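Let me begin by presenting the structure, written as structure tokens, before commenting on it.
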Amino acid sequence: METSLFQSFFLIFSGAAVIATLALYTRQPLLVAYIVLGALFGPYGLKLMTNVDLISEISRIGIVFLLFLLGLDMQPKALVAVIKQVTPVALISSGLFAACGYAIGVLFNYTPIECMVIGMAMMFSSTIIGIKLLPTTALHHKHSGELLIGLLLLQDFLAILCLMILLSGDVGRVDISQLGTTVASLPLVALFAWLFVRYVLQYLIQRFDRFHEYIFLLALGWCLGMAELSEALGLSAEIGAFIAGISLATSPIAQYIAINLKPLRDFFLILFFFSLGASFNILLLSEVIVAAAILGGIMLMLKPATFRLLLGRQSEKTGLAWDIGFRLGQISEFSLLIALVAYNGSLISEKASTLIQATAIMTFLISSYIVVFNLPNPIAVRDHLRRD
């Protein structure tokens, strides 16, 4: 029988409370616990939830809020400077990761188009893992936070380009007019956000700042409105949310908004990791396990080493370069979206899609362990590494 939305939330959050307790007692990362819970309750596990599409769609709001809060913690001038610095790093590293993914696909006899899609999926690192495991103090005060955010944003732009190629229905070609519209949309959306904040939102915030409920609603409306506008113009909802956040970053109310939205963000991110585990087809795992293990293992080693080398050549300190490399050592939630779009468009087989999903989950899990047990982060199981 199909579970209702209420029953789904009961299973997810009651189950998450239990498994999170066990994870803390056994000193395991909470992100891993949520993915395991999804696999256990999902349609390929105990079948307590047979349709996770709605939960997956709802969980995307968590990613949107994550980028909005990220924008609130960034100053525009600092962002422009760091993007100029990391653009060569992002382009070179993404090209190398794509070539590696393509080569592994060829090794395991996937079709040329499937190899191309596998390569695309390897290009990016996870915004969720990277930012959620980054201490808030690093966002405010540390150069490492600026570098990591700049790299993730540039990867997001590349991911949008890849999705446009896949959605065109002909891999290797892209709708030039649509691409032009998208490129032109970015500065227009940013200009609109700046003008609207300056002449409308700031006035409303100053006029009604005593009403905390109103400020909360205004922030939610601004975030989701900009996300929807950006998506309608060919950008992603995540980029729109980030622009919404950074347009408010200089406002005195920015940190108040950030503090109040964090619990809501975490609510939706739990749904994201649950849906990730629930949507994975365990039945096909035996067919892709060897390829996924090799591909995931290579990415887990290649990504930190590549970022260490490229950032080191830009005079970044060795420790800082390794820190960023390990935080970006997994593939991305965009990789899952690329697999879904390519599969729905009949560009790749279910086996190839499962390979990408298995590699994503594997790198998510192992990368989370590496960061949680070795680098400063908000959910570290060791007290000396825990940084909120």
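Starting from 1 in every chain, residues are counted up; chains themselves are A, B, ... following the order of the structure tokens, and ligands are numbered from 1 as listed.
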Give me the range 39-115 of chain A side of the contact with range 348-361 of chain A, cut-off 8 Å, one line per residue showing its nearest atom pair and distance in Å at one decimal, counting only C-alpha atoms, sorted by chain and residue number, as a Markdown table.
| residue | atom | partner | partner_atom | distance |
| --- | --- | --- | --- | --- |
| A:Tyr110 | CA | A:Ala352 | CA | 7.6 |
| A:Ile113 | CA | A:Ile348 | CA | 7.1 |
| A:Glu114 | CA | A:Ile348 | CA | 5.3 |
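Of note, CA of Leu337 in chain A and CA of Asn374 in chain A are spaced 29.4 Å apart.
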Within 9 Å of Leu385 in chain A, counting only C-alpha atoms, which residues show up once you throw out same-chain ones fewer than 6 positions away? Write them as a PDB file with C-alpha atoms, in the first residue's frame, please.
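Result file follows (selection.pdb):
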ATOM      1  CA  VAL A 372      34.590  13.718   9.761  1.00  0.00           C
ATOM      2  CA  PHE A 373      37.484  11.774  11.295  1.00  0.00           C
ATOM      3  CA  ASN A 374      40.404  13.907  10.113  1.00  0.00           C
ATOM      4  CA  LEU A 375      39.404  17.532   9.391  1.00  0.00           C
ATOM      5  CA  PRO A 376      37.597  20.230  11.401  1.00  0.00           C
ATOM      6  CA  ASN A 377      33.844  19.981  10.790  1.00  0.00           C
ATOM      7  CA  PRO A 378      30.525  20.653  12.568  1.00  0.00           C
ATOM      8  CA  ILE A 379      29.574  16.967  13.088  1.00  0.00           C
TER       9      ILE A 379
END
Please identify which residues in range 35-199 of chain A DSSP calls alpha helix (DSSP H) from the backbone, and express them as an MDAnalysis selection string.
chainID A and resid 35:41 53:72 76:107 112:122 127:132 136:141 143:167 176:196
So which one's closest to Val200 in chain A, A:Leu248, A:Ile58, A:Leu166, A:Ala39? Using only C-alpha atoms, please.
A:Leu248
Find the residues near range 312-329 of chain A: any atom within 8 Å, counting only C-alpha atoms, skip ones fewer than 6 places away on the same chain, and give them as a ChimeraX atom specification.
/A:125-126,129-130,133,144,147-148,299-306,363,367,370-371,375
So that I can check the surroundings of Ile205 in chain A, please list as a list of chain:residue names every protein, DNA and RNA residue that reaches within 12 Å of it, counting only C-alpha atoms and ignoring chain neighbours fewer than 6 positions away.
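Non-adjacent residues within range: A:Val197, A:Arg198, A:Tyr199, A:Phe211, A:His212, A:Glu213, A:Tyr214, A:Ile215, A:Phe216, A:Leu217, A:Leu218, A:Ala219, A:Leu248, A:Ser251, A:Pro252, A:Ile253, A:Ala254, A:Tyr256, A:Ile257.
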Length of the CA of Ala184 in chain A to CA of Ile243 in chain A vector [Å]:
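According to the coordinates, CA of Ala184 in chain A and CA of Ile243 in chain A are separated by 14.9 Å.
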Range 210-325 of chain A residues near range 9-22 of chain A within 12 Å, closest pair each, using only C-alpha atoms, as a Markdown table:
| residue | atom | partner | partner_atom | distance |
| --- | --- | --- | --- | --- |
| A:Asp266 | CA | A:Phe13 | CA | 11.8 |
| A:Phe267 | CA | A:Phe13 | CA | 9.1 |
| A:Phe268 | CA | A:Phe13 | CA | 10.9 |
| A:Leu269 | CA | A:Phe13 | CA | 11.7 |
| A:Ile270 | CA | A:Ala16 | CA | 8.2 |
| A:Leu271 | CA | A:Ile12 | CA | 7.5 |
| A:Phe272 | CA | A:Ile12 | CA | 10.8 |
| A:Phe273 | CA | A:Ile12 | CA | 10.5 |
| A:Phe274 | CA | A:Ile12 | CA | 7.4 |
| A:Ser275 | CA | A:Ile12 | CA | 9.6 |
| A:Gly277 | CA | A:Ile12 | CA | 11.7 |
| A:Ala278 | CA | A:Ile12 | CA | 10.7 |
Since we have the selection now, will you write its residues out, keeping N, CA and C atoms, as a PDB file, in the first residue's frame?
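Listing of out-v3.pdb after writing:
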ATOM      1  N   ASP A 266      18.522  21.894   7.592  1.00  0.00           N
ATOM      2  CA  ASP A 266      18.865  20.543   8.034  1.00  0.00           C
ATOM      3  C   ASP A 266      17.691  19.586   7.881  1.00  0.00           C
ATOM      4  N   PHE A 267      16.474  20.078   8.085  1.00  0.00           N
ATOM      5  CA  PHE A 267      15.278  19.261   7.907  1.00  0.00           C
ATOM      6  C   PHE A 267      15.222  18.704   6.487  1.00  0.00           C
ATOM      7  N   PHE A 268      15.433  19.558   5.511  1.00  0.00           N
ATOM      8  CA  PHE A 268      15.333  19.123   4.115  1.00  0.00           C
ATOM      9  C   PHE A 268      16.551  18.314   3.682  1.00  0.00           C
ATOM     10  N   LEU A 269      17.723  18.582   4.273  1.00  0.00           N
ATOM     11  CA  LEU A 269      18.900  17.820   3.898  1.00  0.00           C
ATOM     12  C   LEU A 269      18.826  16.379   4.400  1.00  0.00           C
ATOM     13  N   ILE A 270      18.172  16.164   5.526  1.00  0.00           N
ATOM     14  CA  ILE A 270      17.924  14.787   5.975  1.00  0.00           C
ATOM     15  C   ILE A 270      17.100  14.049   4.931  1.00  0.00           C
ATOM     16  N   LEU A 271      16.093  14.726   4.379  1.00  0.00           N
ATOM     17  CA  LEU A 271      15.275  14.127   3.320  1.00  0.00           C
ATOM     18  C   LEU A 271      16.127  13.809   2.099  1.00  0.00           C
ATOM     19  N   PHE A 272      17.071  14.699   1.774  1.00  0.00           N
ATOM     20  CA  PHE A 272      17.915  14.466   0.601  1.00  0.00           C
ATOM     21  C   PHE A 272      18.732  13.193   0.754  1.00  0.00           C
ATOM     22  N   PHE A 273      19.409  13.030   1.882  1.00  0.00           N
ATOM     23  CA  PHE A 273      20.257  11.860   2.047  1.00  0.00           C
ATOM     24  C   PHE A 273      19.426  10.585   2.180  1.00  0.00           C
ATOM     25  N   PHE A 274      18.246  10.683   2.774  1.00  0.00           N
ATOM     26  CA  PHE A 274      17.349   9.532   2.827  1.00  0.00           C
ATOM     27  C   PHE A 274      16.931   9.113   1.412  1.00  0.00           C
ATOM     28  N   SER A 275      16.504  10.076   0.598  1.00  0.00           N
ATOM     29  CA  SER A 275      16.054   9.763  -0.758  1.00  0.00           C
ATOM     30  C   SER A 275      17.198   9.229  -1.614  1.00  0.00           C
ATOM     31  N   GLY A 277      19.653   7.252  -0.558  1.00  0.00           N
ATOM     32  CA  GLY A 277      19.765   5.829  -0.249  1.00  0.00           C
ATOM     33  C   GLY A 277      18.583   5.031  -0.762  1.00  0.00           C
ATOM     34  N   ALA A 278      17.368   5.604  -0.656  1.00  0.00           N
ATOM     35  CA  ALA A 278      16.158   4.878  -1.040  1.00  0.00           C
ATOM     36  C   ALA A 278      16.048   4.665  -2.536  1.00  0.00           C
TER      37      ALA A 278
END
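Distances from A:Ile165, A:Ile259, A:Leu285, A:Leu66 to Phe242 in chain A were compared using only C-alpha atoms, and the smallest one belongs to A:Leu66.
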So that I can check the surroundings of Leu72 in chain A, please list as number ranges by chain every protein, DNA and RNA residue that reaches within 8 Å of it, counting only C-alpha atoms and ignoring chain neighbours fewer than 4 positions away.
A: 68, 245-249, 254-255, 258
For Gly119 in chain A, which residue out of A:Ile55, A:Val288, A:Cys100, A:Leu107 is the nearest one, using only C-alpha atoms?
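Result for the nearest residue to Gly119 in chain A: A:Cys100.
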